[in-house]
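Engineer: See query_29.cif below, with mmCIF, C-alpha atoms.
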```
data_query
#
loop_
_atom_site.group_PDB
_atom_site.id
_atom_site.type_symbol
_atom_site.label_atom_id
_atom_site.label_comp_id
_atom_site.auth_asym_id
_atom_site.auth_seq_id
_atom_site.Cartn_x
_atom_site.Cartn_y
_atom_site.Cartn_z
ATOM 1 C CA MET G 701 16.696 -10.261 13.693
ATOM 2 C CA LYS G 702 13.274 -11.068 12.291
ATOM 3 C CA ASN G 703 12.238 -7.478 12.722
ATOM 4 C CA GLU G 704 15.044 -6.083 10.580
ATOM 5 C CA PRO G 705 14.088 -5.117 7.036
ATOM 6 C CA LYS G 706 16.173 -7.111 4.585
ATOM 7 C CA ASP G 707 16.048 -6.953 0.791
ATOM 8 C CA THR G 708 14.920 -10.146 -0.892
ATOM 9 C CA ALA G 709 15.646 -8.693 -4.347
ATOM 10 C CA ASP G 710 19.161 -9.044 -5.770
ATOM 11 C CA PRO G 711 21.541 -6.173 -4.863
ATOM 12 C CA GLN G 712 21.564 -4.747 -8.415
ATOM 13 C CA THR G 713 17.766 -4.493 -8.559
ATOM 14 C CA ALA G 714 17.628 -3.120 -5.025
ATOM 15 C CA GLN G 715 20.098 -0.414 -5.961
ATOM 16 C CA GLU G 716 18.151 0.476 -9.114
ATOM 17 C CA ILE G 717 14.994 0.853 -7.051
ATOM 18 C CA ARG G 718 16.747 3.122 -4.552
ATOM 19 C CA GLU G 719 18.076 5.262 -7.406
ATOM 20 C CA PHE G 720 14.598 5.349 -8.905
ATOM 21 C CA SER G 721 13.279 6.546 -5.555
ATOM 22 C CA LYS G 722 15.761 9.442 -5.658
ATOM 23 C CA LYS G 723 14.429 10.431 -9.089
ATOM 24 C CA TYR G 724 10.988 10.478 -7.559
ATOM 25 C CA SER G 725 12.085 12.923 -4.855
ATOM 26 C CA GLU G 726 13.910 15.101 -7.395
ATOM 27 C CA ALA G 727 10.754 15.538 -9.484
ATOM 28 C CA PHE G 728 8.753 16.137 -6.301
ATOM 29 C CA ASN G 729 11.111 18.792 -4.952
ATOM 30 C CA LYS G 730 11.134 20.559 -8.341
ATOM 31 C CA HIS G 731 7.321 20.586 -8.305
ATOM 32 C CA ASP G 732 7.441 18.972 -11.739
ATOM 33 C CA ALA G 733 4.083 17.186 -11.984
ATOM 34 C CA SER G 734 4.673 15.866 -15.495
ATOM 35 C CA ALA G 735 8.119 14.447 -14.602
ATOM 36 C CA GLN G 736 6.505 12.945 -11.510
ATOM 37 C CA ALA G 737 3.658 11.378 -13.487
ATOM 38 C CA ALA G 738 6.144 10.051 -16.071
ATOM 39 C CA LEU G 739 7.519 7.769 -13.340
ATOM 40 C CA TYR G 740 4.160 5.961 -13.256
ATOM 41 C CA THR G 741 2.678 3.396 -15.650
ATOM 42 C CA GLU G 742 -0.257 4.500 -17.788
ATOM 43 C CA ASP G 743 -2.640 2.414 -15.631
ATOM 44 C CA ALA G 744 -1.014 3.215 -12.269
ATOM 45 C CA VAL G 745 -2.918 3.379 -8.985
ATOM 46 C CA LEU G 746 -1.996 5.978 -6.358
ATOM 47 C CA VAL G 747 -3.571 5.322 -2.958
ATOM 48 C CA THR G 748 -3.589 8.517 -0.887
ATOM 49 C CA PRO G 749 -5.246 9.092 2.508
ATOM 50 C CA GLU G 750 -8.041 10.836 0.593
ATOM 51 C CA GLY G 751 -8.615 7.847 -1.685
ATOM 52 C CA MET G 752 -7.538 6.264 -4.947
ATOM 53 C CA VAL G 753 -6.207 8.148 -7.953
ATOM 54 C CA LEU G 754 -6.397 6.078 -11.139
ATOM 55 C CA GLY G 755 -4.170 6.477 -14.182
ATOM 56 C CA ARG G 756 -1.132 8.592 -15.040
ATOM 57 C CA GLN G 757 -3.157 11.582 -16.190
ATOM 58 C CA ALA G 758 -5.150 11.829 -12.965
ATOM 59 C CA ILE G 759 -1.939 11.311 -10.993
ATOM 60 C CA GLU G 760 -0.286 14.226 -12.781
ATOM 61 C CA LYS G 761 -3.224 16.442 -11.845
ATOM 62 C CA GLN G 762 -3.067 15.205 -8.241
ATOM 63 C CA TYR G 763 0.624 16.163 -7.942
ATOM 64 C CA GLY G 764 -0.060 19.509 -9.618
ATOM 65 C CA ASP G 765 -2.697 20.210 -6.948
ATOM 66 C CA ILE G 766 -0.391 19.116 -4.112
ATOM 67 C CA PHE G 767 2.452 21.308 -5.384
ATOM 68 C CA GLN G 768 0.157 24.302 -5.766
ATOM 69 C CA GLN G 769 -1.638 23.976 -2.438
ATOM 70 C CA LEU G 770 1.088 22.748 -0.092
ATOM 71 C CA HIS G 771 4.338 23.974 -1.705
ATOM 72 C CA PRO G 772 6.159 20.930 -0.338
ATOM 73 C CA THR G 773 9.947 21.047 -0.069
ATOM 74 C CA ASN G 774 12.793 18.881 1.183
ATOM 75 C CA GLN G 775 11.148 15.579 0.391
ATOM 76 C CA ILE G 776 13.344 12.697 1.464
ATOM 77 C CA ARG G 777 12.477 9.065 0.780
ATOM 78 C CA THR G 778 14.203 6.046 2.256
ATOM 79 C CA VAL G 779 13.559 2.613 0.778
ATOM 80 C CA ASP G 780 13.737 0.157 3.686
ATOM 81 C CA GLN G 781 13.109 -3.112 1.859
ATOM 82 C CA VAL G 782 13.061 -4.240 -1.786
ATOM 83 C CA ASN G 783 11.360 -7.505 -2.772
ATOM 84 C CA ALA G 784 11.279 -9.064 -6.242
ATOM 85 C CA ILE G 785 8.466 -11.150 -7.712
ATOM 86 C CA GLY G 786 9.692 -12.338 -11.091
ATOM 87 C CA SER G 787 10.693 -9.159 -12.914
ATOM 88 C CA ASP G 788 8.362 -7.006 -10.807
ATOM 89 C CA VAL G 789 9.377 -5.408 -7.536
ATOM 90 C CA TRP G 790 7.601 -4.165 -4.448
ATOM 91 C CA ASN G 791 9.199 -2.062 -1.790
ATOM 92 C CA VAL G 792 8.510 -0.440 1.536
ATOM 93 C CA GLY G 793 9.911 2.821 2.865
ATOM 94 C CA GLU G 794 9.413 6.114 4.599
ATOM 95 C CA TRP G 795 9.054 9.697 3.412
ATOM 96 C CA SER G 796 9.172 13.147 4.906
ATOM 97 C CA CYS G 797 8.809 16.692 3.636
ATOM 98 C CA ILE G 798 7.959 20.216 4.724
ATOM 99 C CA VAL G 799 4.626 21.744 3.711
ATOM 100 C CA GLN G 800 3.430 25.319 3.978
ATOM 101 C CA SER G 801 0.586 25.630 6.472
ATOM 102 C CA PRO G 802 -1.216 28.851 7.442
ATOM 103 C CA ASP G 803 1.189 29.027 10.410
ATOM 104 C CA GLY G 804 4.295 28.560 8.318
ATOM 105 C CA PRO G 805 6.469 25.584 7.388
ATOM 106 C CA SER G 806 5.374 22.344 8.983
ATOM 107 C CA PRO G 807 7.153 18.985 8.756
ATOM 108 C CA ILE G 808 5.114 15.895 7.886
ATOM 109 C CA LYS G 809 6.148 12.302 7.370
ATOM 110 C CA GLY G 810 4.795 8.856 6.728
ATOM 111 C CA TYR G 811 5.394 5.503 5.119
ATOM 112 C CA PHE G 812 4.804 3.998 1.704
ATOM 113 C CA ALA G 813 4.612 0.737 -0.191
ATOM 114 C CA SER G 814 4.906 0.501 -3.949
ATOM 115 C CA ILE G 815 4.923 -1.981 -6.790
ATOM 116 C CA THR G 816 7.395 -1.126 -9.530
ATOM 117 C CA VAL G 817 7.533 -2.774 -12.947
ATOM 118 C CA ARG G 818 9.920 -2.663 -15.881
ATOM 119 C CA GLU G 819 8.953 -0.810 -19.047
ATOM 120 C CA GLY G 820 11.836 -1.295 -21.468
ATOM 121 C CA ASP G 821 14.910 -0.057 -19.603
ATOM 122 C CA ALA G 822 12.982 2.048 -17.135
ATOM 123 C CA TRP G 823 11.280 1.301 -13.832
ATOM 124 C CA LYS G 824 7.731 2.601 -13.464
ATOM 125 C CA ILE G 825 5.393 2.725 -10.496
ATOM 126 C CA ARG G 826 2.360 0.463 -10.953
ATOM 127 C CA MET G 827 1.024 1.150 -7.465
ATOM 128 C CA LEU G 828 2.009 3.535 -4.718
ATOM 129 C CA ALA G 829 0.203 3.657 -1.388
ATOM 130 C CA TYR G 830 1.198 5.975 1.434
ATOM 131 C CA ASN G 831 0.082 6.956 4.883
ATOM 132 C CA MET G 832 0.840 9.876 7.149
ATOM 133 C CA ALA G 833 2.159 9.602 10.677
ATOM 134 C CA PRO G 834 -0.064 11.167 13.334
ATOM 135 C CA PRO G 835 1.426 14.393 14.734
ATOM 136 C CA ALA G 836 3.657 13.672 17.729
ATOM 137 C CA GLU G 837 1.742 14.065 20.970
ATOM 138 C CA ALA G 838 2.815 17.048 23.048
ATOM 139 C CA LYS G 839 4.162 15.890 26.386
ATOM 140 C CA MET E 1037 -5.608 -37.616 -32.757
ATOM 141 C CA ARG E 1038 -8.069 -35.030 -33.864
ATOM 142 C CA LEU E 1039 -8.963 -34.260 -30.247
ATOM 143 C CA VAL E 1040 -5.318 -33.633 -29.452
ATOM 144 C CA ALA E 1041 -5.000 -31.291 -32.399
ATOM 145 C CA LEU E 1042 -8.119 -29.439 -31.318
ATOM 146 C CA ALA E 1043 -6.873 -29.184 -27.786
ATOM 147 C CA GLY E 1044 -3.636 -27.712 -29.107
ATOM 148 C CA LEU E 1045 -5.585 -25.171 -31.101
ATOM 149 C CA ALA E 1046 -7.660 -24.184 -28.126
ATOM 150 C CA ILE E 1047 -4.526 -23.605 -26.056
ATOM 151 C CA SER E 1048 -2.901 -21.498 -28.724
ATOM 152 C CA PHE E 1049 -5.947 -19.242 -28.688
ATOM 153 C CA ALA E 1050 -6.276 -19.252 -24.940
ATOM 154 C CA VAL E 1051 -2.729 -18.113 -24.172
ATOM 155 C CA PRO E 1052 -2.904 -14.673 -25.797
ATOM 156 C CA ALA E 1053 -6.245 -14.051 -24.085
ATOM 157 C CA ILE E 1054 -4.765 -14.852 -20.676
ATOM 158 C CA ALA E 1055 -1.664 -12.805 -21.397
ATOM 159 C CA GLN E 1056 -3.825 -9.837 -22.302
ATOM 160 C CA GLN E 1057 -5.844 -10.098 -19.113
ATOM 161 C CA LYS E 1058 -3.046 -11.066 -16.789
ATOM 162 C CA ASP E 1059 -3.425 -7.895 -14.778
ATOM 163 C CA THR E 1060 -7.216 -7.643 -14.676
ATOM 164 C CA ALA E 1061 -9.487 -9.082 -12.048
ATOM 165 C CA ASP E 1062 -10.060 -12.815 -12.246
ATOM 166 C CA PRO E 1063 -13.566 -13.332 -10.785
ATOM 167 C CA GLN E 1064 -12.568 -16.535 -8.977
ATOM 168 C CA LEU E 1065 -9.527 -14.985 -7.353
ATOM 169 C CA ARG E 1066 -11.565 -11.908 -6.515
ATOM 170 C CA GLU E 1067 -14.071 -14.100 -4.698
ATOM 171 C CA ALA E 1068 -11.354 -16.011 -2.844
ATOM 172 C CA LEU E 1069 -9.714 -12.811 -1.678
ATOM 173 C CA ALA E 1070 -13.055 -11.257 -0.696
ATOM 174 C CA ALA E 1071 -13.656 -14.309 1.519
ATOM 175 C CA TYR E 1072 -10.203 -13.729 2.931
ATOM 176 C CA ASN E 1073 -10.989 -10.075 3.672
ATOM 177 C CA LYS E 1074 -14.036 -11.338 5.569
ATOM 178 C CA LYS E 1075 -11.780 -13.490 7.759
ATOM 179 C CA GLU E 1076 -9.740 -10.370 8.466
ATOM 180 C CA ASP E 1077 -12.914 -8.522 9.481
ATOM 181 C CA GLU E 1078 -13.911 -11.387 11.784
ATOM 182 C CA ALA E 1079 -10.524 -11.324 13.499
ATOM 183 C CA TRP E 1080 -10.747 -7.527 13.894
ATOM 184 C CA ASN E 1081 -14.278 -7.665 15.260
ATOM 185 C CA ASN E 1082 -13.289 -10.442 17.684
ATOM 186 C CA ASN E 1083 -10.225 -8.367 18.648
ATOM 187 C CA ASP E 1084 -8.295 -11.598 18.106
ATOM 188 C CA ALA E 1085 -4.593 -10.909 17.504
ATOM 189 C CA VAL E 1086 -3.720 -14.591 17.028
ATOM 190 C CA ALA E 1087 -6.387 -15.154 14.356
ATOM 191 C CA LEU E 1088 -5.477 -11.899 12.627
ATOM 192 C CA ALA E 1089 -1.731 -12.580 12.589
ATOM 193 C CA ALA E 1090 -2.382 -16.090 11.246
ATOM 194 C CA LEU E 1091 -3.641 -14.470 8.015
ATOM 195 C CA TYR E 1092 -0.162 -13.045 7.333
ATOM 196 C CA THR E 1093 2.856 -14.865 5.899
ATOM 197 C CA GLU E 1094 5.780 -15.607 8.223
ATOM 198 C CA ASP E 1095 7.803 -12.801 6.548
ATOM 199 C CA ALA E 1096 4.908 -10.326 6.141
ATOM 200 C CA VAL E 1097 5.277 -6.549 6.399
ATOM 201 C CA LEU E 1098 2.594 -4.435 8.072
ATOM 202 C CA VAL E 1099 3.045 -0.749 7.212
ATOM 203 C CA ASN E 1100 1.302 1.210 9.970
ATOM 204 C CA ASP E 1101 1.215 4.998 10.127
ATOM 205 C CA THR E 1102 3.803 4.698 12.922
ATOM 206 C CA GLY E 1103 6.144 2.626 10.750
ATOM 207 C CA PRO E 1104 6.550 -0.835 9.262
ATOM 208 C CA ILE E 1105 6.479 -4.027 11.331
ATOM 209 C CA TYR E 1106 8.369 -6.998 9.903
ATOM 210 C CA GLY E 1107 7.392 -10.625 10.540
ATOM 211 C CA ARG E 1108 4.236 -12.431 11.697
ATOM 212 C CA ASP E 1109 5.386 -12.767 15.317
ATOM 213 C CA ALA E 1110 5.989 -9.041 15.631
ATOM 214 C CA ILE E 1111 2.672 -8.339 13.868
ATOM 215 C CA GLU E 1112 0.826 -10.571 16.336
ATOM 216 C CA LYS E 1113 2.445 -8.805 19.277
ATOM 217 C CA HIS E 1114 1.509 -5.444 17.758
ATOM 218 C CA TYR E 1115 -2.160 -6.403 17.332
ATOM 219 C CA ALA E 1116 -2.247 -7.874 20.862
ATOM 220 C CA ASP E 1117 -1.026 -4.516 22.191
ATOM 221 C CA VAL E 1118 -3.538 -2.592 20.061
ATOM 222 C CA PHE E 1119 -6.479 -4.758 21.142
ATOM 223 C CA LYS E 1120 -5.525 -4.271 24.801
ATOM 224 C CA GLN E 1121 -6.017 -0.529 24.381
ATOM 225 C CA VAL E 1122 -8.753 -0.224 21.775
ATOM 226 C CA HIS E 1123 -11.859 -2.276 21.103
ATOM 227 C CA PHE E 1124 -12.804 -2.611 17.423
ATOM 228 C CA SER E 1125 -16.254 -3.334 16.023
ATOM 229 C CA ASN E 1126 -18.033 -3.013 12.660
ATOM 230 C CA HIS E 1127 -14.720 -3.560 10.878
ATOM 231 C CA ILE E 1128 -15.497 -3.817 7.169
ATOM 232 C CA ILE E 1129 -12.917 -4.234 4.421
ATOM 233 C CA THR E 1130 -14.049 -3.597 0.840
ATOM 234 C CA ALA E 1131 -11.941 -4.222 -2.253
ATOM 235 C CA ASP E 1132 -12.250 -1.760 -5.129
ATOM 236 C CA GLN E 1133 -13.886 -2.894 -8.356
ATOM 237 C CA TYR E 1134 -10.602 -3.157 -10.331
ATOM 238 C CA SER E 1135 -8.846 -5.563 -7.960
ATOM 239 C CA PRO E 1136 -7.165 -7.993 -7.717
ATOM 240 C CA HIS E 1137 -4.146 -7.528 -9.981
ATOM 241 C CA MET E 1138 -1.382 -10.091 -10.481
ATOM 242 C CA ILE E 1139 2.294 -9.370 -9.772
ATOM 243 C CA GLY E 1140 4.955 -11.188 -11.782
ATOM 244 C CA THR E 1141 3.940 -13.964 -14.127
ATOM 245 C CA ALA E 1142 3.979 -17.055 -11.881
ATOM 246 C CA GLY E 1143 0.453 -16.414 -10.604
ATOM 247 C CA ASN E 1144 1.453 -16.721 -6.949
ATOM 248 C CA GLU E 1145 1.219 -13.055 -6.013
ATOM 249 C CA ALA E 1146 -1.663 -10.630 -6.317
ATOM 250 C CA TRP E 1147 -2.488 -7.210 -4.937
ATOM 251 C CA THR E 1148 -5.728 -5.501 -4.065
ATOM 252 C CA SER E 1149 -6.611 -1.978 -2.995
ATOM 253 C CA GLY E 1150 -9.735 -0.894 -1.200
ATOM 254 C CA GLU E 1151 -11.334 0.885 1.712
ATOM 255 C CA TRP E 1152 -11.903 0.068 5.382
ATOM 256 C CA THR E 1153 -14.280 1.378 8.007
ATOM 257 C CA THR E 1154 -14.481 0.568 11.696
ATOM 258 C CA THR E 1155 -15.698 1.760 15.084
ATOM 259 C CA LEU E 1156 -13.109 2.268 17.819
ATOM 260 C CA LYS E 1157 -13.657 2.440 21.542
ATOM 261 C CA GLY E 1158 -10.832 3.179 23.958
ATOM 262 C CA GLN E 1159 -10.782 3.578 27.722
ATOM 263 C CA ASN E 1160 -10.951 7.354 27.441
ATOM 264 C CA PHE E 1161 -12.542 7.871 24.041
ATOM 265 C CA GLY E 1162 -15.195 6.716 21.641
ATOM 266 C CA PRO E 1163 -17.024 5.002 20.274
ATOM 267 C CA VAL E 1164 -15.802 6.834 17.184
ATOM 268 C CA ASP E 1165 -15.968 5.848 13.518
ATOM 269 C CA ALA E 1166 -12.830 5.777 11.395
ATOM 270 C CA LYS E 1167 -12.123 4.985 7.770
ATOM 271 C CA GLY E 1168 -9.346 4.890 5.235
ATOM 272 C CA ASN E 1169 -7.728 3.003 2.387
ATOM 273 C CA TRP E 1170 -5.508 -0.046 2.190
ATOM 274 C CA VAL E 1171 -3.415 -2.137 -0.176
ATOM 275 C CA GLU E 1172 -2.526 -5.765 0.401
ATOM 276 C CA ILE E 1173 -0.174 -8.046 -1.501
ATOM 277 C CA TYR E 1174 -1.139 -11.711 -1.195
ATOM 278 C CA HIS E 1175 1.122 -14.711 -1.575
ATOM 279 C CA ARG E 1176 -0.243 -18.138 -2.477
ATOM 280 C CA GLU E 1177 0.509 -20.795 0.123
ATOM 281 C CA GLY E 1178 -0.879 -24.072 -1.203
ATOM 282 C CA ASP E 1179 -4.595 -23.510 -1.813
ATOM 283 C CA ASP E 1180 -4.609 -20.537 0.485
ATOM 284 C CA TRP E 1181 -3.588 -16.908 0.105
ATOM 285 C CA LYS E 1182 -1.806 -15.041 2.863
ATOM 286 C CA ILE E 1183 -1.003 -11.381 3.335
ATOM 287 C CA ARG E 1184 2.616 -10.591 2.461
ATOM 288 C CA LEU E 1185 2.217 -6.806 2.634
ATOM 289 C CA ASP E 1186 -0.432 -4.690 4.322
ATOM 290 C CA ILE E 1187 -0.410 -0.878 4.175
ATOM 291 C CA TRP E 1188 -3.268 1.351 5.308
ATOM 292 C CA ASN E 1189 -3.983 5.013 5.801
ATOM 293 C CA VAL E 1190 -6.620 7.143 7.496
ATOM 294 C CA THR E 1191 -9.079 9.537 5.828
ATOM 295 C CA PRO E 1192 -8.761 12.445 6.268
ATOM 296 C CA SER E 1193 -4.976 12.525 6.623
ATOM 297 C CA PRO E 1194 -3.684 13.918 9.944
ATOM 298 C CA ALA E 1195 -2.305 16.963 8.064
ATOM 299 C CA ALA E 1196 -5.678 17.758 6.496
ATOM 300 C CA ALA E 1197 -7.425 17.223 9.833
ATOM 301 C CA ALA E 1198 -5.108 19.578 11.692
ATOM 302 C CA SER E 1199 -6.901 22.899 11.647
ATOM 303 C CA PRO E 1200 -4.961 26.164 12.065
ATOM 304 C CA THR E 1201 -6.492 26.560 15.532
ATOM 305 C CA SER E 1202 -4.977 23.288 16.719
ATOM 306 C CA SER E 1203 -1.472 24.198 15.592
ATOM 307 C CA PRO E 1204 -0.465 26.417 18.545
ATOM 308 C CA SER E 1205 -0.603 23.372 20.834
ATOM 309 C CA ASN E 1206 2.359 21.985 18.888
ATOM 310 C CA LYS E 1207 4.563 24.643 20.405
#
```
Using structure tokens, write down the structure from this file.
Structural biologist:
Amino acid sequence: MKNEPKDTADPQTAQEIREFSKKYSEAFNKHDASAQAALYTEDAVLVTPEGMVLGRQAIEKQYGDIFQQLHPTNQIRTVDQVNAIGSDVWNVGEWSCIVQSPDGPSPIKGYFASITVREGDAWKIRMLAYNMAPPAEAK
Amino acid sequence: MRLVALAGLAISFAVPAIAQQKDTADPQLREALAAYNKKEDEAWNNNDAVALAALYTEDAVLVNDTGPIYGRDAIEKHYADVFKQVHFSNHIITADQYSPHMIGTAGNEAWTSGEWTTTLKGQNFGPVDAKGNWVEIYHREGDDWKIRLDIWNVTPSPAAAASPTSSPSNK
């Protein structure tokens, strides 16, 4: 019971965050770096395995590079838990996609945590941190 | 009377200043959380699952690269399992210069991002150095702060580390 993810945010907010997460994947799968960056606040922090990317402009460039180098497709995000702190929200989830490696398409996946804040009527990412699952060990 | 009026004036000036800086690093909080990070390092370097888990809230989430773990009890069990297999030393957590940042307006939640480095030694490997990044959300419990969320990653990412020559073994 204790180990089950359960939203602490109200159902309406939780649903908005899950819809927002879908928008994120749509922009990602279209390789639209500017639409992707527009989902972040001006002062957003993106924490990748390679380090921190600071600010919307740098984040747009980061996504542009990822799209160009890895040609990722089929990104799917699942938001496991949504928590509210005042009008801000943080959530935890998992992601997966397929990237183009020298040997062909290769599936990768991992987990993320993000802080999302309201800007007018829209949700924006203030912080997104993600990790990458180690490749499954061959048995 | 005059003192009261002055005090009122001071507050009316102080509020906009605080509002403006609500999301920038407060030096005192930064220091408190840095001391907290040191406690985390101590627990890691003592390979002490109980001490480490005690730094998390009851309802904390630990987002490992194998998936999230919900709740302090489960987190303690996880660390106990990890420390049985791997010995950690030189664990150092560093917060970046921009942290911490507040979440919400009540002043009870803050988040910090930073880097970690450590040395691992397993039964069949190591010692080997590892490093990566992390983000923690802290929740105020009385005078203390506890970890409500902990996510970390490894540099370089497994995908970047996988060289073309290692791929055939996947098949």
Engineer: Tell me which of G:Tyr740, G:Trp823, G:Tyr724, G:Trp795 sits closest to chain E, counting all atoms listed in the file.
Structural biologist: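 Selected residue with least distance to chain E: G:Trp795.
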Engineer: I'd like to see the residues matched by the PyMOL selection byres ((chain E) within 6 of (chain G)) on this file, and ideally I'd get them as an MDAnalysis selection string.
Structural biologist: chainID E and resid 1101:1102 1106 1140 1189:1194
Engineer: Hey, can you check how far CA of Gly755 in chain G sits from CA of Asn1169 in chain E?
Structural biologist: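 Between CA of Gly755 in chain G and CA of Asn1169 in chain E the gap works out to 17.3 Å.
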Engineer: Hey, what comes out of the PyMOL selection byres ((chain E and resi 1085) around 6) on this file? Could you write it as number ranges by chain?
Structural biologist: E: 1084, 1086-1089, 1112, 1115-1116
Engineer: G:Gln762, G:Ser725, G:Asn783, G:Thr741: which is nearest Ser796 in chain G, counting all atoms listed in the file?
Structural biologist: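 Checking each candidate against Ser796 in chain G, we get G:Ser725 as the closest.
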Engineer: Please complete range 1182-1194 of chain E so it has N, CA and C atoms, and hand it over as a JSON list (two decimals), keeping the file's coordinate frame.
Structural biologist:
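Final output, rebuild.json:
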```
[["chain", "number", "residue", "atom", "x", "y", "z"],
["E", 1182, "LYS", "N", -2.12, -15.73, 1.61],
["E", 1182, "LYS", "CA", -1.81, -15.04, 2.86],
["E", 1182, "LYS", "C", -1.29, -13.65, 2.55],
["E", 1183, "ILE", "N", -1.42, -12.77, 3.53],
["E", 1183, "ILE", "CA", -1.00, -11.38, 3.34],
["E", 1183, "ILE", "C", 0.51, -11.27, 3.49],
["E", 1184, "ARG", "N", 1.16, -10.78, 2.44],
["E", 1184, "ARG", "CA", 2.62, -10.59, 2.46],
["E", 1184, "ARG", "C", 2.95, -9.14, 2.80],
["E", 1185, "LEU", "N", 2.06, -8.24, 2.32],
["E", 1185, "LEU", "CA", 2.22, -6.81, 2.63],
["E", 1185, "LEU", "C", 0.85, -6.23, 2.95],
["E", 1186, "ASP", "N", 0.80, -5.38, 3.95],
["E", 1186, "ASP", "CA", -0.43, -4.69, 4.32],
["E", 1186, "ASP", "C", -0.07, -3.24, 4.64],
["E", 1187, "ILE", "N", -0.60, -2.30, 3.86],
["E", 1187, "ILE", "CA", -0.41, -0.88, 4.18],
["E", 1187, "ILE", "C", -1.78, -0.24, 4.23],
["E", 1188, "TRP", "N", -1.97, 0.68, 5.17],
["E", 1188, "TRP", "CA", -3.27, 1.35, 5.31],
["E", 1188, "TRP", "C", -3.03, 2.81, 5.67],
["E", 1189, "ASN", "N", -4.03, 3.62, 5.37],
["E", 1189, "ASN", "CA", -3.98, 5.01, 5.80],
["E", 1189, "ASN", "C", -5.35, 5.43, 6.34],
["E", 1190, "VAL", "N", -5.40, 6.63, 6.87],
["E", 1190, "VAL", "CA", -6.62, 7.14, 7.50],
["E", 1190, "VAL", "C", -7.13, 8.34, 6.71],
["E", 1191, "THR", "N", -8.44, 8.40, 6.49],
["E", 1191, "THR", "CA", -9.08, 9.54, 5.83],
["E", 1191, "THR", "C", -9.87, 10.33, 6.86],
["E", 1192, "PRO", "N", -9.75, 11.63, 6.98],
["E", 1192, "PRO", "CA", -8.76, 12.44, 6.27],
["E", 1192, "PRO", "C", -7.38, 12.26, 6.88],
["E", 1193, "SER", "N", -6.33, 12.65, 6.12],
["E", 1193, "SER", "CA", -4.98, 12.52, 6.62],
["E", 1193, "SER", "C", -4.81, 13.44, 7.83],
["E", 1194, "PRO", "N", -3.90, 13.08, 8.76],
["E", 1194, "PRO", "CA", -3.68, 13.92, 9.94],
["E", 1194, "PRO", "C", -3.39, 15.37, 9.58]]
```
